[in-house]
$ cat model.cif   # mmCIF, C-alpha atoms
data_start
loop_
_atom_site.group_PDB
_atom_site.id
_atom_site.type_symbol
_atom_site.label_atom_id
_atom_site.label_comp_id
_atom_site.auth_asym_id
_atom_site.auth_seq_id
_atom_site.Cartn_x
_atom_site.Cartn_y
_atom_site.Cartn_z
ATOM 1 C CA MET A 1 110.165 86.700 92.750
ATOM 2 C CA ALA A 2 107.959 88.217 95.450
ATOM 3 C CA PRO A 3 104.938 90.257 94.289
ATOM 4 C CA PHE A 4 105.371 94.010 94.312
ATOM 5 C CA PRO A 5 103.925 95.359 97.586
ATOM 6 C CA LEU A 6 100.958 97.672 97.163
ATOM 7 C CA PRO A 7 101.488 101.313 98.047
ATOM 8 C CA GLU A 8 99.724 102.146 101.301
ATOM 9 C CA PRO A 9 97.303 104.605 99.633
ATOM 10 C CA MET A 10 96.098 101.841 97.289
ATOM 11 C CA ARG A 11 95.744 99.455 100.220
ATOM 12 C CA ARG A 12 93.529 102.081 101.898
ATOM 13 C CA ALA A 13 91.554 102.601 98.663
ATOM 14 C CA LEU A 14 90.858 98.848 98.583
ATOM 15 C CA ASP A 15 89.662 99.022 102.211
ATOM 16 C CA LEU A 16 87.346 101.880 101.229
ATOM 17 C CA ALA A 17 86.050 99.816 98.301
ATOM 18 C CA ARG A 18 85.111 97.074 100.762
ATOM 19 C CA ILE A 19 83.239 99.631 102.869
ATOM 20 C CA ALA A 20 81.343 100.751 99.761
ATOM 21 C CA ALA A 21 80.355 97.138 99.064
ATOM 22 C CA ASP A 22 79.152 96.745 102.663
ATOM 23 C CA TRP A 23 76.924 99.792 102.066
ATOM 24 C CA GLY A 24 75.524 98.191 98.897
ATOM 25 C CA GLU A 25 77.504 100.548 96.656
ATOM 26 C CA VAL A 26 79.735 99.471 93.762
ATOM 27 C CA PRO A 27 83.072 98.733 95.487
ATOM 28 C CA VAL A 28 85.334 101.582 94.460
ATOM 29 C CA GLY A 29 87.604 103.504 96.816
ATOM 30 C CA ALA A 30 89.853 106.517 96.298
ATOM 31 C CA VAL A 31 92.649 108.222 98.236
ATOM 32 C CA ILE A 32 94.400 111.533 97.528
ATOM 33 C CA VAL A 33 97.976 112.102 98.603
ATOM 34 C CA LYS A 34 99.946 115.360 98.679
ATOM 35 C CA ASP A 35 103.584 115.578 99.742
ATOM 36 C CA GLY A 36 103.487 111.962 100.899
ATOM 37 C CA ALA A 37 100.499 112.407 103.236
ATOM 38 C CA VAL A 38 96.899 111.282 102.742
ATOM 39 C CA ILE A 39 94.745 114.398 102.620
ATOM 40 C CA ALA A 40 91.414 112.943 101.481
ATOM 41 C CA GLU A 41 89.602 109.715 100.777
ATOM 42 C CA GLY A 42 86.257 108.491 99.621
ATOM 43 C CA HIS A 43 84.262 105.563 98.368
ATOM 44 C CA ASN A 44 81.320 105.237 96.044
ATOM 45 C CA ARG A 45 78.141 106.558 97.624
ATOM 46 C CA PRO A 46 75.653 107.584 94.921
ATOM 47 C CA ARG A 47 72.863 105.407 96.345
ATOM 48 C CA GLU A 48 73.410 106.418 99.964
ATOM 49 C CA SER A 49 73.673 110.133 99.148
ATOM 50 C CA HIS A 50 71.119 110.169 96.301
ATOM 51 C CA ASP A 51 73.795 111.843 94.193
ATOM 52 C CA PRO A 52 74.776 110.383 90.810
ATOM 53 C CA THR A 53 78.086 112.292 90.972
ATOM 54 C CA ALA A 54 79.158 110.743 94.297
ATOM 55 C CA HIS A 55 81.780 108.447 92.770
ATOM 56 C CA ALA A 56 84.772 107.655 94.977
ATOM 57 C CA GLU A 57 87.065 109.978 93.029
ATOM 58 C CA ILE A 58 84.649 112.926 93.211
ATOM 59 C CA VAL A 59 84.041 112.405 96.947
ATOM 60 C CA ALA A 60 87.806 112.375 97.571
ATOM 61 C CA MET A 61 88.489 115.379 95.309
ATOM 62 C CA ARG A 62 85.776 117.430 97.028
ATOM 63 C CA MET A 63 87.322 116.609 100.407
ATOM 64 C CA ALA A 64 90.839 117.447 99.198
ATOM 65 C CA ALA A 65 89.739 120.753 97.636
ATOM 66 C CA ALA A 66 87.983 121.757 100.864
ATOM 67 C CA LYS A 67 91.035 120.823 102.917
ATOM 68 C CA LEU A 68 93.417 122.736 100.641
ATOM 69 C CA GLY A 69 91.016 125.653 100.146
ATOM 70 C CA ASN A 70 91.532 125.435 96.397
ATOM 71 C CA GLU A 71 89.746 123.794 93.464
ATOM 72 C CA ARG A 72 93.138 122.972 91.962
ATOM 73 C CA LEU A 73 94.767 119.906 93.435
ATOM 74 C CA ASP A 74 98.230 120.683 92.081
ATOM 75 C CA GLY A 75 100.869 118.208 93.206
ATOM 76 C CA CYS A 76 98.271 115.679 94.364
ATOM 77 C CA ASP A 77 98.208 111.980 93.505
ATOM 78 C CA LEU A 78 94.946 110.057 93.187
ATOM 79 C CA TYR A 79 94.782 106.337 93.943
ATOM 80 C CA VAL A 80 91.535 104.668 92.864
ATOM 81 C CA THR A 81 90.589 101.018 92.593
ATOM 82 C CA LEU A 82 88.846 101.251 89.198
ATOM 83 C CA GLU A 83 89.645 103.042 85.944
ATOM 84 C CA PRO A 84 87.835 106.405 86.157
ATOM 85 C CA CYS A 85 84.703 107.035 84.102
ATOM 86 C CA ALA A 86 84.350 110.050 81.801
ATOM 87 C CA MET A 87 82.875 112.234 84.562
ATOM 88 C CA CYS A 88 85.685 111.433 86.977
ATOM 89 C CA ALA A 89 88.403 111.710 84.338
ATOM 90 C CA GLY A 90 87.073 115.154 83.431
ATOM 91 C CA ALA A 91 87.127 116.189 87.087
ATOM 92 C CA ILE A 92 90.690 114.838 87.430
ATOM 93 C CA ALA A 93 91.757 117.036 84.522
ATOM 94 C CA HIS A 94 89.970 120.113 85.909
ATOM 95 C CA ALA A 95 91.479 119.531 89.361
ATOM 96 C CA ARG A 96 94.967 119.234 87.847
ATOM 97 C CA ILE A 97 95.747 115.936 89.604
ATOM 98 C CA ALA A 98 99.453 115.227 89.004
ATOM 99 C CA ARG A 99 99.412 111.426 88.995
ATOM 100 C CA LEU A 100 96.605 108.887 88.659
ATOM 101 C CA TYR A 101 97.142 105.362 89.983
ATOM 102 C CA TYR A 102 94.321 102.912 89.384
ATOM 103 C CA GLY A 103 93.676 99.231 89.899
ATOM 104 C CA ALA A 104 91.229 97.439 87.607
ATOM 105 C CA ASP A 105 90.478 98.376 84.013
ATOM 106 C CA ASP A 106 86.847 99.162 83.208
ATOM 107 C CA PRO A 107 86.214 98.163 79.573
ATOM 108 C CA LYS A 108 82.514 99.117 79.810
ATOM 109 C CA GLY A 109 82.644 102.428 81.659
ATOM 110 C CA GLY A 110 86.277 103.520 81.834
ATOM 111 C CA ALA A 111 87.458 106.650 80.081
ATOM 112 C CA VAL A 112 91.237 106.526 80.551
ATOM 113 C CA VAL A 113 92.407 103.567 78.440
ATOM 114 C CA HIS A 114 88.917 102.524 77.314
ATOM 115 C CA GLY A 115 85.973 104.333 75.780
ATOM 116 C CA PRO A 116 86.665 108.003 75.073
ATOM 117 C CA ARG A 117 90.275 107.896 76.344
ATOM 118 C CA LEU A 118 89.691 111.349 77.718
ATOM 119 C CA PHE A 119 93.297 112.309 78.454
ATOM 120 C CA ALA A 120 94.234 111.629 74.812
ATOM 121 C CA GLN A 121 91.735 114.206 73.532
ATOM 122 C CA PRO A 122 93.216 117.467 72.216
ATOM 123 C CA THR A 123 90.601 119.513 74.088
ATOM 124 C CA VAL A 124 91.810 118.241 77.475
ATOM 125 C CA HIS A 125 94.356 120.738 78.729
ATOM 126 C CA HIS A 126 95.723 118.806 81.689
ATOM 127 C CA ARG A 127 96.850 115.193 81.592
ATOM 128 C CA PRO A 128 98.023 113.406 84.738
ATOM 129 C CA GLU A 129 100.741 110.801 84.662
ATOM 130 C CA ILE A 130 98.864 107.485 84.576
ATOM 131 C CA TYR A 131 99.850 104.239 86.284
ATOM 132 C CA ASP A 132 97.417 101.363 85.857
ATOM 133 C CA GLY A 133 97.176 97.853 87.245
ATOM 134 C CA ILE A 134 98.064 98.830 90.843
ATOM 135 C CA GLY A 135 96.243 96.232 92.963
ATOM 136 C CA GLU A 136 94.367 95.128 89.863
ATOM 137 C CA SER A 137 93.600 91.534 90.865
ATOM 138 C CA GLU A 138 92.240 92.502 94.284
ATOM 139 C CA ALA A 139 90.203 95.415 92.913
ATOM 140 C CA ALA A 140 88.767 93.281 90.090
ATOM 141 C CA GLY A 141 88.005 90.496 92.555
ATOM 142 C CA LEU A 142 85.977 92.862 94.750
ATOM 143 C CA LEU A 143 83.969 93.995 91.738
ATOM 144 C CA ARG A 144 83.372 90.441 90.470
ATOM 145 C CA ALA A 145 82.202 89.267 93.908
ATOM 146 C CA PHE A 146 79.928 92.286 94.328
ATOM 147 C CA PHE A 147 78.190 91.830 90.988
ATOM 148 C CA ALA A 148 77.977 88.035 91.354
ATOM 149 C CA ALA A 149 76.201 88.508 94.697
ATOM 150 C CA ARG A 150 73.796 91.016 93.143
ATOM 151 C CA ARG A 151 72.985 88.643 90.275
ATOM 152 C CA SER A 152 72.353 85.772 92.678
ATOM 153 C CA ASN A 153 70.052 87.996 94.775
ATOM 154 C CA GLY A 154 68.174 89.152 91.704
ATOM 155 C CA SER A 155 68.974 92.822 92.316
#
$ encode --input "model.cif" --output "structure tokens"
Amino acid sequence: MAPFPLPEPMRRALDLARIAADWGEVPVGAVIVKDGAVIAEGHNRPRESHDPTAHAEIVAMRMAAAKLGNERLDGCDLYVTLEPCAMCAGAIAHARIARLYYGADDPKGGAVVHGPRLFAQPTVHHRPEIYDGIGESEAAGLLRAFFAARRSNGS
């Protein structure tokens, strides 16, 4: 059986993750889709922007909110290459993202199916539909290669 083809937004998120790696950032990319069209994208850039909140998801959500003229991203889908951390998961809930598609699990820093499992908490009032493992092997491979190169360079 042929492998399931990746949705185009996840393919683009993986391309953005590669750009992040080229910039020396942890390779994570994110794309936001509304009504079948890409409306925003981003990649990790905390080092480049000197902003600890500049995760791929946050960068993309800021762009989408500006484009829509609304802090609520109702009806939007978020594709991201890595399981969101607690900060990003909280922002996803506040933005009212409809569906979250992510690639690789993050057992150390993830907050969706690992760690605090934010969307399972009773105090979280919005929970997106969650689809994991989309492009998982490619996303995990980018992360492994990035961190292996950093270890071999002593950084």
$ atom_distance --input "model.cif" --atom1 "atom CA of A:Ala95" --atom2 "atom CA of A:Lys108"
24.3 Å
$ residues_around --input "model.cif" --residues "stretch 54-56 of chain A" --least-positions-apart "3" --cutoff "6 Å" --atoms "all atoms listed in the file" --output "list in words"
Gly29, Ala30, Gly42, His43, Asn44, Arg45, Pro46, Asp51 and Val59 of chain A
$ write_last_selection --input "model.cif" --atoms "C-alpha atoms" --output "mmCIF file, keeping the file's coordinate frame"
data_model
loop_
_atom_site.group_PDB
_atom_site.id
_atom_site.type_symbol
_atom_site.label_atom_id
_atom_site.label_comp_id
_atom_site.auth_asym_id
_atom_site.auth_seq_id
_atom_site.Cartn_x
_atom_site.Cartn_y
_atom_site.Cartn_z
ATOM 1 C CA GLY A 29 87.604 103.504 96.816
ATOM 2 C CA ALA A 30 89.853 106.517 96.298
ATOM 3 C CA GLY A 42 86.257 108.491 99.621
ATOM 4 C CA HIS A 43 84.262 105.563 98.368
ATOM 5 C CA ASN A 44 81.320 105.237 96.044
ATOM 6 C CA ARG A 45 78.141 106.558 97.624
ATOM 7 C CA PRO A 46 75.653 107.584 94.921
ATOM 8 C CA ASP A 51 73.795 111.843 94.193
ATOM 9 C CA VAL A 59 84.041 112.405 96.947
#
$ closest_residue --input "model.cif" --among "A:Ala98, A:Leu14, A:Ala66, A:Ala37" --to "A:Pro128" --atoms "all atoms listed in the file"
A:Ala98
$ closest_residue --input "model.cif" --among "A:Phe119, A:Cys76, A:Ala64, A:Leu143" --to "A:Gly90" --atoms "all atoms listed in the file"
A:Phe119
$ atom_distance --input "model.cif" --atom1 "atom CA of A:Tyr101" --atom2 "atom CA of A:Gly24"
24.5 Å
$ residues_around --input "model.cif" --residues "A:Arg18" --least-positions-apart "2" --cutoff "10 Å" --atoms "all atoms listed in the file" --output "JSON, numbers by chain"
{"A": [12, 13, 14, 15, 16, 20, 21, 22, 23, 24, 25, 26, 27, 28, 29, 43, 139, 142, 143, 146]}
$ write_last_selection --input "model.cif" --atoms "C-alpha atoms" --output "mmCIF file, keeping the file's coordinate frame"
data_model
loop_
_atom_site.group_PDB
_atom_site.id
_atom_site.type_symbol
_atom_site.label_atom_id
_atom_site.label_comp_id
_atom_site.auth_asym_id
_atom_site.auth_seq_id
_atom_site.Cartn_x
_atom_site.Cartn_y
_atom_site.Cartn_z
ATOM 1 C CA ARG A 12 93.529 102.081 101.898
ATOM 2 C CA ALA A 13 91.554 102.601 98.663
ATOM 3 C CA LEU A 14 90.858 98.848 98.583
ATOM 4 C CA ASP A 15 89.662 99.022 102.211
ATOM 5 C CA LEU A 16 87.346 101.880 101.229
ATOM 6 C CA ALA A 20 81.343 100.751 99.761
ATOM 7 C CA ALA A 21 80.355 97.138 99.064
ATOM 8 C CA ASP A 22 79.152 96.745 102.663
ATOM 9 C CA TRP A 23 76.924 99.792 102.066
ATOM 10 C CA GLY A 24 75.524 98.191 98.897
ATOM 11 C CA GLU A 25 77.504 100.548 96.656
ATOM 12 C CA VAL A 26 79.735 99.471 93.762
ATOM 13 C CA PRO A 27 83.072 98.733 95.487
ATOM 14 C CA VAL A 28 85.334 101.582 94.460
ATOM 15 C CA GLY A 29 87.604 103.504 96.816
ATOM 16 C CA HIS A 43 84.262 105.563 98.368
ATOM 17 C CA ALA A 139 90.203 95.415 92.913
ATOM 18 C CA LEU A 142 85.977 92.862 94.750
ATOM 19 C CA LEU A 143 83.969 93.995 91.738
ATOM 20 C CA PHE A 146 79.928 92.286 94.328
#
$ residues_near_point --input "model.cif" --point "(100.5, 105.6, 97.2)" --cutoff "8 Å" --atoms "only C-alpha atoms" --output "PyMOL selection string"
chain A and resi 6-10+33+36+77+79+101
$ write_last_selection --input "model.cif" --atoms "C-alpha atoms" --output "PDB file, in the frame of the given file"
ATOM      1  CA  LEU A   6     100.958  97.672  97.163  1.00  0.00           C
ATOM      2  CA  PRO A   7     101.488 101.313  98.047  1.00  0.00           C
ATOM      3  CA  GLU A   8      99.724 102.146 101.301  1.00  0.00           C
ATOM      4  CA  PRO A   9      97.303 104.605  99.633  1.00  0.00           C
ATOM      5  CA  MET A  10      96.098 101.841  97.289  1.00  0.00           C
ATOM      6  CA  VAL A  33      97.976 112.102  98.603  1.00  0.00           C
ATOM      7  CA  GLY A  36     103.487 111.962 100.899  1.00  0.00           C
ATOM      8  CA  ASP A  77      98.208 111.980  93.505  1.00  0.00           C
ATOM      9  CA  TYR A  79      94.782 106.337  93.943  1.00  0.00           C
ATOM     10  CA  TYR A 101      97.142 105.362  89.983  1.00  0.00           C
TER      11      TYR A 101
END
$ residues_around --input "model.cif" --residues "A:Gly110" --least-positions-apart "6" --cutoff "6 Å" --atoms "all atoms listed in the file" --output "PDB file with C-alpha atoms, in the coordinates of the input"
ATOM      1  CA  GLU A  83      89.645 103.042  85.944  1.00  0.00           C
ATOM      2  CA  PRO A  84      87.835 106.405  86.157  1.00  0.00           C
ATOM      3  CA  CYS A  85      84.703 107.035  84.102  1.00  0.00           C
TER       4      CYS A  85
END
$ residues_near_point --input "model.cif" --point "(86.0, 101.0, 83.1)" --cutoff "12 Å" --atoms "only C-alpha atoms" --output "number ranges by chain"
A: 28, 80-89, 102-117, 132, 140, 143
$ closest_residue --input "model.cif" --among "A:Arg99, A:Arg11, A:Arg151, A:Arg144" --to "A:His126" --atoms "all atoms listed in the file"
A:Arg99
$ atom_distance --input "model.cif" --atom1 "atom CA of A:Gly75" --atom2 "atom CA of A:His125"
16.1 Å
